[in-house]
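Participant: final16.txt is reproduced in full below (compact mmCIF, C-alpha atoms and all ligand atoms).
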# COMPACT_ATOMS: atom_id res chain seq x y z
CA MET Y 1 12.00 21.42 68.84
CA ILE Y 2 10.58 24.92 69.16
CA ASP Y 3 8.46 25.53 72.28
CA LEU Y 4 5.13 27.13 71.38
CA TYR Y 5 3.15 28.91 74.11
CA PHE Y 6 -0.36 28.82 72.77
CA TRP Y 7 -4.10 29.08 73.17
CA PRO Y 8 -6.46 28.55 70.18
CA THR Y 9 -7.27 32.15 69.17
CA PRO Y 10 -6.54 34.17 66.00
CA ASN Y 11 -3.25 35.43 67.45
CA GLY Y 12 -2.28 31.94 68.60
CA TRP Y 13 -3.10 30.52 65.14
CA LYS Y 14 -0.57 32.82 63.50
CA ALA Y 15 2.23 30.97 65.31
CA SER Y 16 0.78 27.44 65.00
CA ILE Y 17 0.03 27.94 61.28
CA ALA Y 18 3.51 29.34 60.61
CA LEU Y 19 5.16 26.39 62.36
CA GLU Y 20 3.02 23.95 60.36
CA GLU Y 21 3.54 25.76 57.05
CA MET Y 22 7.32 25.92 57.64
CA GLU Y 23 7.40 22.26 58.75
CA LEU Y 24 9.20 23.14 61.97
CA PRO Y 25 8.77 20.59 64.78
CA TYR Y 26 7.33 22.09 67.95
CA THR Y 27 6.08 21.27 71.43
CA THR Y 28 2.87 23.00 72.52
CA HIS Y 29 2.55 24.50 76.02
CA LEU Y 30 -1.00 25.59 76.71
CA ILE Y 31 -1.49 29.10 78.10
CA ASN Y 32 -5.08 29.03 79.30
CA ILE Y 33 -5.91 32.73 79.06
CA GLY Y 34 -9.31 32.24 80.74
CA LYS Y 35 -7.60 30.81 83.82
CA GLY Y 36 -4.78 33.38 83.98
CA ASP Y 37 -1.76 31.32 82.83
CA GLN Y 38 -0.54 34.43 80.96
CA PHE Y 39 0.32 36.01 84.32
CA ASP Y 40 2.55 33.13 85.46
CA PRO Y 41 5.96 34.67 86.37
CA GLU Y 42 7.75 31.98 84.32
CA PHE Y 43 5.68 32.87 81.24
CA LEU Y 44 6.23 36.61 81.82
CA LYS Y 45 9.97 36.03 81.50
CA ILE Y 46 9.44 35.23 77.80
CA ALA Y 47 6.24 37.23 77.20
CA PRO Y 48 6.34 40.36 79.42
CA ASN Y 49 3.09 41.72 77.93
CA ASN Y 50 1.12 38.78 79.45
CA ARG Y 51 -0.30 37.75 76.09
CA MET Y 52 0.22 34.65 74.03
CA PRO Y 53 1.56 33.47 71.57
CA ALA Y 54 5.26 33.23 72.33
CA ILE Y 55 7.98 30.83 71.24
CA VAL Y 56 11.34 29.66 72.49
CA ASP Y 57 13.73 28.40 69.83
CA PRO Y 58 16.62 26.46 71.39
CA ASP Y 59 18.48 26.84 68.09
CA GLY Y 60 18.33 30.63 67.81
CA PRO Y 61 20.87 33.04 66.31
CA ASP Y 62 24.46 31.76 66.77
CA GLY Y 63 22.98 28.46 67.99
CA GLN Y 64 21.89 30.03 71.28
CA PRO Y 65 18.27 29.87 72.57
CA ILE Y 66 15.98 32.81 71.87
CA SER Y 67 12.47 33.68 73.03
CA VAL Y 68 10.10 35.76 70.91
CA PHE Y 69 6.76 37.36 71.88
CA GLU Y 70 4.30 39.35 69.68
CA SER Y 71 2.82 37.29 66.86
CA GLY Y 72 4.16 39.60 64.13
CA ALA Y 73 7.71 39.31 65.48
CA ILE Y 74 7.29 35.52 65.68
CA LEU Y 75 6.20 35.38 62.02
CA MET Y 76 9.13 37.52 60.88
CA TYR Y 77 11.62 35.54 62.95
CA LEU Y 78 10.42 32.17 61.65
CA ALA Y 79 10.26 33.40 58.05
CA ARG Y 80 13.85 34.69 58.26
CA LYS Y 81 14.99 31.49 59.97
CA THR Y 82 13.55 29.26 57.26
CA GLY Y 83 13.80 31.64 54.29
CA ARG Y 84 10.13 30.91 53.54
CA PHE Y 85 6.97 33.01 53.05
CA TYR Y 86 8.79 36.36 53.01
CA GLY Y 87 9.02 36.75 49.22
CA THR Y 88 12.30 36.74 47.35
CA THR Y 89 13.19 40.38 46.67
CA GLU Y 90 13.51 43.54 48.75
CA ARG Y 91 10.30 44.82 47.10
CA ASP Y 92 8.53 41.61 48.17
CA ARG Y 93 9.75 42.01 51.73
CA VAL Y 94 8.57 45.63 51.90
CA ALA Y 95 5.11 44.55 50.71
CA VAL Y 96 5.01 41.69 53.23
CA GLU Y 97 5.94 44.07 56.04
CA GLU Y 98 3.39 46.71 54.95
CA TRP Y 99 0.54 44.21 55.14
CA LEU Y 100 1.84 42.47 58.23
CA MET Y 101 1.97 45.84 60.05
CA TRP Y 102 -1.48 46.66 58.65
CA GLN Y 103 -2.74 43.48 60.28
CA MET Y 104 -0.91 44.01 63.58
CA GLY Y 105 -1.94 47.66 63.95
CA GLY Y 106 -5.37 47.47 62.31
CA VAL Y 107 -7.20 44.21 61.74
CA GLY Y 108 -6.06 42.49 64.95
CA PRO Y 109 -6.89 45.28 67.43
CA MET Y 110 -10.08 46.38 65.64
CA ALA Y 111 -11.47 42.87 65.12
CA GLY Y 112 -10.52 42.11 68.72
CA GLN Y 113 -12.58 45.08 69.92
CA ALA Y 114 -15.42 44.07 67.57
CA HIS Y 115 -15.47 40.62 69.19
CA HIS Y 116 -15.40 42.23 72.61
CA PHE Y 117 -18.28 44.65 72.15
CA LEU Y 118 -20.41 42.47 69.86
CA LYS Y 119 -20.01 39.12 71.66
CA TYR Y 120 -18.37 39.29 75.07
CA ALA Y 121 -19.48 42.60 76.63
CA PRO Y 122 -23.23 41.85 76.27
CA GLN Y 123 -22.65 38.58 78.21
CA LEU Y 124 -21.07 40.31 81.22
CA HIS Y 125 -22.85 40.61 84.58
CA PRO Y 126 -24.38 43.16 84.33
CA PRO Y 127 -24.49 43.17 80.48
CA GLN Y 128 -22.58 45.90 78.69
CA ASP Y 129 -24.55 46.33 75.48
CA LEU Y 130 -23.06 49.48 73.98
CA PRO Y 131 -24.49 50.42 70.55
CA TYR Y 132 -21.90 53.13 69.84
CA ALA Y 133 -18.96 50.81 70.51
CA LYS Y 134 -20.58 47.99 68.51
CA ASP Y 135 -21.18 50.28 65.53
CA ARG Y 136 -17.72 51.80 65.68
CA TYR Y 137 -15.76 48.53 65.66
CA ARG Y 138 -18.12 46.74 63.25
CA ALA Y 139 -17.72 49.64 60.80
CA GLU Y 140 -13.94 49.86 61.19
CA VAL Y 141 -13.53 46.12 60.55
CA GLY Y 142 -15.77 46.53 57.49
CA ARG Y 143 -13.59 49.38 56.24
CA LEU Y 144 -10.42 47.28 56.70
CA TYR Y 145 -11.97 44.30 54.89
CA GLY Y 146 -12.90 46.67 52.04
CA VAL Y 147 -9.23 47.71 51.81
CA LEU Y 148 -8.25 44.04 51.76
CA ASP Y 149 -10.81 43.21 49.07
CA ARG Y 150 -9.50 45.98 46.80
CA ARG Y 151 -5.91 44.83 47.34
CA LEU Y 152 -6.88 41.24 46.50
CA ALA Y 153 -8.66 42.38 43.33
CA GLU Y 154 -5.20 43.05 41.89
CA ASN Y 155 -3.06 40.48 43.71
CA GLU Y 156 -3.54 36.78 44.30
CA TYR Y 157 -2.22 37.11 47.84
CA VAL Y 158 -2.02 40.15 50.05
CA ALA Y 159 1.66 41.00 49.42
CA GLY Y 160 1.63 40.08 45.72
CA ASP Y 161 1.50 36.87 43.70
CA PHE Y 162 3.10 34.81 46.49
CA TYR Y 163 1.76 33.43 49.77
CA SER Y 164 3.45 35.02 52.79
CA ILE Y 165 3.43 35.57 56.53
CA ALA Y 166 1.18 38.58 55.84
CA ASP Y 167 -1.56 36.19 54.64
CA ILE Y 168 -0.93 33.98 57.68
CA SER Y 169 -1.33 36.98 60.00
CA ILE Y 170 -4.65 38.08 58.51
CA TRP Y 171 -6.32 34.74 57.89
CA GLY Y 172 -7.37 33.83 61.47
CA TRP Y 173 -9.10 37.14 62.13
CA ALA Y 174 -10.67 37.24 58.68
CA SER Y 175 -11.99 33.68 59.05
CA LEU Y 176 -14.12 34.90 61.99
CA TRP Y 177 -15.89 37.57 59.90
CA GLU Y 178 -19.36 36.35 60.89
CA GLY Y 179 -18.69 37.00 64.59
CA GLN Y 180 -17.58 40.50 63.60
CA GLN Y 181 -21.01 40.93 61.91
CA GLN Y 182 -19.55 41.49 58.47
CA VAL Y 183 -21.02 40.82 55.03
CA LEU Y 184 -18.88 39.37 52.26
CA ASP Y 185 -21.41 39.56 49.38
CA ASP Y 186 -19.72 42.74 48.17
CA LYS Y 187 -16.18 41.39 48.70
CA PRO Y 188 -15.59 38.65 46.08
CA HIS Y 189 -11.79 38.89 46.16
CA PHE Y 190 -11.69 38.60 49.94
CA THR Y 191 -13.97 35.55 49.67
CA ARG Y 192 -11.77 33.92 46.99
CA TRP Y 193 -8.62 34.52 49.09
CA LEU Y 194 -10.29 33.19 52.27
CA GLU Y 195 -11.22 29.96 50.47
CA THR Y 196 -7.74 29.56 48.95
CA VAL Y 197 -5.89 30.10 52.23
CA SER Y 198 -8.38 27.99 54.22
CA ALA Y 199 -7.68 25.04 51.91
CA ARG Y 200 -3.95 24.95 52.70
CA PRO Y 201 -3.00 21.87 54.77
CA GLY Y 202 -0.67 23.94 56.98
CA VAL Y 203 -3.44 26.41 57.75
CA GLN Y 204 -5.85 23.60 58.58
CA ALA Y 205 -3.32 21.87 60.84
CA GLY Y 206 -2.43 25.09 62.70
CA ARG Y 207 -6.11 25.98 63.08
CA ALA Y 208 -6.93 22.51 64.40
CA LEU Y 209 -4.36 22.67 67.21
CA HIS Y 210 -6.37 22.19 70.42
CA ALA Y 211 -9.51 23.49 68.67
CA GLU Y 212 -11.51 21.60 71.29
CA LEU Y 213 -10.41 24.19 73.87
CA ARG Y 214 -11.89 27.19 72.10
CA GLY Y 215 -14.18 29.01 74.50
CA ASP Y 216 -16.66 31.84 74.43
CA HIS Y 217 -15.57 33.50 77.70
CA ARG Y 218 -19.09 33.15 79.11
CA ASP Y 219 -17.92 31.73 82.45
CA LYS Y 220 -17.32 34.02 85.41
CA GLN Y 221 -13.70 32.97 85.84
CA SER Y 222 -12.77 33.95 82.25
CA GLN Y 223 -14.67 37.20 82.53
CA GLY Y 224 -12.83 38.02 85.75
CA VAL Y 225 -9.39 37.23 84.30
CA LEU Y 226 -9.85 38.74 80.84
CA PHE Y 227 -12.25 41.60 81.41
CA LYS Y 228 -11.65 42.33 85.11
CA ARG Y 229 -15.39 41.92 85.75
N1 LIG W 1 -0.24 41.97 69.87
C1 LIG W 1 -0.25 40.66 70.47
C2 LIG W 1 -1.65 40.34 70.93
C3 LIG W 1 -1.75 38.97 71.56
C4 LIG W 1 -3.06 38.80 72.27
O1 LIG W 1 -3.86 39.76 72.41
N2 LIG W 1 -3.32 37.58 72.74
C5 LIG W 1 -4.53 37.36 73.51
C6 LIG W 1 -5.33 36.19 72.97
S1 LIG W 1 -5.81 36.45 71.27
C7 LIG W 1 -4.15 37.06 74.95
O2 LIG W 1 -3.15 36.42 75.20
N3 LIG W 1 -4.96 37.56 75.88
C8 LIG W 1 -4.73 37.38 77.28
C9 LIG W 1 -5.29 38.53 78.09
O3 LIG W 1 -5.99 39.38 77.54
O4 LIG W 1 -4.99 38.57 79.30
C10 LIG W 1 0.22 39.62 69.45
O5 LIG W 1 -0.10 39.81 68.27
O6 LIG W 1 0.92 38.66 69.82
So that I can check it, write out the structure of this file as structure tokens.
Ligand SMILES: N[C@@H](CCC(=O)N[C@@H](CS)C(=O)NCC(=O)O)C(=O)O
Facilitator:
Amino acid sequence: MIDLYFWPTPNGWKASIALEEMELPYTTHLINIGKGDQFDPEFLKIAPNNRMPAIVDPDGPDGQPISVFESGAILMYLARKTGRFYGTTERDRVAVEEWLMWQMGGVGPMAGQAHHFLKYAPQLHPPQDLPYAKDRYRAEVGRLYGVLDRRLAENEYVAGDFYSIADISIWGWASLWEGQQQVLDDKPHFTRWLETVSARPGVQAGRALHAELRGDHRDKQSQGVLFKR
């Protein structure tokens, strides 16, 4: 059994979806980020950046336990462990890593800031309604989704004609496009891909994990822990 340290967010879904897709049994440990569980000294031993997700695999390399933090590293570790969703050739793997890094360095941070300035900051006390920041992150997410749409015009999946951990990494953030104030009318390939990936049973199971706990960080405790306000 792999131990999954999790809260239902786009970064958390990468790990839960990968475990479901790879049919790896796991035990879920909730890290309530609105209450500050990410700062628990025991959690910091496996995730020193005080962010979830993280995993502990008791059957790691050489049969010894291993802990992994950073969702991209978790995806790569699990894909190597199972030999699944990483393509089959060196060219495939390079493409998977290009798009996985594109997600980790681009879509995740930019969409995260878009959520912050479009949804969370205006709810703070006092409200932080910052038009420049809203415009900047909305536009950058739109630019990234345009890149994705053009890539998907020529490839069924993001790394090529095969489903991979790169798709898994992008899907959760992309599925929340409305909250990022995006339009998809001009992105038919993105829309087609979103529907295809959303229909996968492994994606649905990973997305459903503790979905009832999803919050909007409106309460004062969450705002204090997450935004230091
Ligand atoms: N680069 C990290 C980002 C993880 C991350 O930002 N997780 C958020 C939830 S989506 C978190 O744990 N936030 C807690 C906090 O901000 O204190 C990864 O991909 O694993």
Participant: Which residue, Y:Met52, Y:Ala79, Y:Leu152, Y:Arg143, has the smallest gap to Phe39 of chain Y when you use only C-alpha atoms?
Facilitator: Y:Met52
Participant: Would you list the residues that come within 10 Å of ligand LIG 1 (chain W)? Count only C-alpha atoms and all ligand atoms and give the answer as a PyMOL selection string.
Facilitator: chain Y and resi 5-15+31-39+47+49-54+68-75+103-105+108-109+112+169+173+222+225-228
Participant: Based on the selection just made, write C-alpha atoms of those residues as a short mmCIF file (atom, residue, chain, number, x, y, z; two decimals), in the frame of the given file.
Facilitator:
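Saved result, again_6.cif, follows:
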data_model
loop_
_atom_site.label_atom_id
_atom_site.label_comp_id
_atom_site.auth_asym_id
_atom_site.auth_seq_id
_atom_site.Cartn_x
_atom_site.Cartn_y
_atom_site.Cartn_z
CA TYR Y 5 3.15 28.91 74.11
CA PHE Y 6 -0.36 28.82 72.77
CA TRP Y 7 -4.10 29.08 73.17
CA PRO Y 8 -6.46 28.55 70.18
CA THR Y 9 -7.27 32.15 69.17
CA PRO Y 10 -6.54 34.17 66.00
CA ASN Y 11 -3.25 35.43 67.45
CA GLY Y 12 -2.28 31.94 68.60
CA TRP Y 13 -3.10 30.52 65.14
CA LYS Y 14 -0.57 32.82 63.50
CA ALA Y 15 2.23 30.97 65.31
CA ILE Y 31 -1.49 29.10 78.10
CA ASN Y 32 -5.08 29.03 79.30
CA ILE Y 33 -5.91 32.73 79.06
CA GLY Y 34 -9.31 32.24 80.74
CA LYS Y 35 -7.60 30.81 83.82
CA GLY Y 36 -4.78 33.38 83.98
CA ASP Y 37 -1.76 31.32 82.83
CA GLN Y 38 -0.54 34.43 80.96
CA PHE Y 39 0.32 36.01 84.32
CA ALA Y 47 6.24 37.23 77.20
CA ASN Y 49 3.09 41.72 77.93
CA ASN Y 50 1.12 38.78 79.45
CA ARG Y 51 -0.30 37.75 76.09
CA MET Y 52 0.22 34.65 74.03
CA PRO Y 53 1.56 33.47 71.57
CA ALA Y 54 5.26 33.23 72.33
CA VAL Y 68 10.10 35.76 70.91
CA PHE Y 69 6.76 37.36 71.88
CA GLU Y 70 4.30 39.35 69.68
CA SER Y 71 2.82 37.29 66.86
CA GLY Y 72 4.16 39.60 64.13
CA ALA Y 73 7.71 39.31 65.48
CA ILE Y 74 7.29 35.52 65.68
CA LEU Y 75 6.20 35.38 62.02
CA GLN Y 103 -2.74 43.48 60.28
CA MET Y 104 -0.91 44.01 63.58
CA GLY Y 105 -1.94 47.66 63.95
CA GLY Y 108 -6.06 42.49 64.95
CA PRO Y 109 -6.89 45.28 67.43
CA GLY Y 112 -10.52 42.11 68.72
CA SER Y 169 -1.33 36.98 60.00
CA TRP Y 173 -9.10 37.14 62.13
CA SER Y 222 -12.77 33.95 82.25
CA VAL Y 225 -9.39 37.23 84.30
CA LEU Y 226 -9.85 38.74 80.84
CA PHE Y 227 -12.25 41.60 81.41
CA LYS Y 228 -11.65 42.33 85.11
#
Participant: Select, counting only C-alpha atoms, all protein, DNA and RNA residues no farther than 12 Å from (16.1, 30.0, 57.4) in file coordinates, and express the selection as a list in words.
Facilitator: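 Collected hits near the coordinates: Met22, Glu23, Leu24, Asp59, Gly60, Pro61, Met76, Tyr77, Leu78, Ala79, Arg80, Lys81, Thr82, Gly83, Arg84, Phe85 and Tyr86 of chain Y.
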Participant: When you look at Ile2 of chain Y with a cut-off of 8 Å (counting all atoms listed in the file), what residues show up, excluding the ones that are within fewer than 3 positions of it in the same chain? I need them as a VMD selection string.
Facilitator: chain Y and resid 24 to 27 55 to 58
Participant: I'd like the box whose edges run along x, y and z of the file and which contains every listed atom of segment 56-71 of chain Y, padded by 3 Å per side; could you state its centre and edge lengths in Å, one decimal, as lines of an AutoDock Vina configuration file?
Facilitator:
center_x = 13.6
center_y = 32.9
center_z = 69.7
size_x = 27.6
size_y = 18.9
size_z = 12.7
Participant: Just give me the gap between atom CA of Val203 of chain Y and atom CA of Gly63 of chain Y in Å, one decimal is fine.
Facilitator: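 Computing the Euclidean distance for atom CA of Val203 of chain Y and atom CA of Gly63 of chain Y yields 28.4 Å.
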Participant: Nearest to Ala111 of chain Y: which of Y:Asp129, Y:Glu140, Y:Glu98, Y:Glu21 is it, counting all atoms listed in the file?
Facilitator: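 For Ala111 of chain Y, the nearest of the given residues is Y:Glu140.
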Participant: Rounded to one decimal, what separation in Å do you get between atom CA of Asp219 of chain Y and atom CA of Tyr120 of chain Y?
Facilitator: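 Spanning atom CA of Asp219 of chain Y to atom CA of Tyr120 of chain Y is a straight-line distance of 10.6 Å.
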Participant: Please work out which residues fall within 7 Å of (-13.8, 43.5, 65.7), coordinates as given in the file, with all atoms listed in the file counting, and return them as a count of residues only.
Facilitator: 10
Participant: Between atom CA of Ile165 of chain Y and atom CA of Glu90 of chain Y, what is the distance, to one decimal in Å?
Facilitator: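 Atom-to-atom, atom CA of Ile165 of chain Y and atom CA of Glu90 of chain Y are spaced 15.0 Å apart.
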Participant: Leaving out Ile46 of chain Y and any residue of its chain fewer than 2 positions from it, which residues lie within 6 Å of it when counting all atoms listed in the file, given as a list in words?
Facilitator: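 Listing them by chain and then by number gives Phe43, Leu44 and Ser67 of chain Y.
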Participant: Have a look at Y:Met101, Y:Ala139, Y:Leu209, Y:Leu124 and name the one nearest to Leu19 of chain Y; count all atoms listed in the file.
Facilitator: Y:Leu209
Participant: I'd like to know which of Y:His125, Y:Arg151, Y:His29, Y:Arg91 is closest to Phe190 of chain Y, using all atoms listed in the file.
Facilitator: Y:Arg151
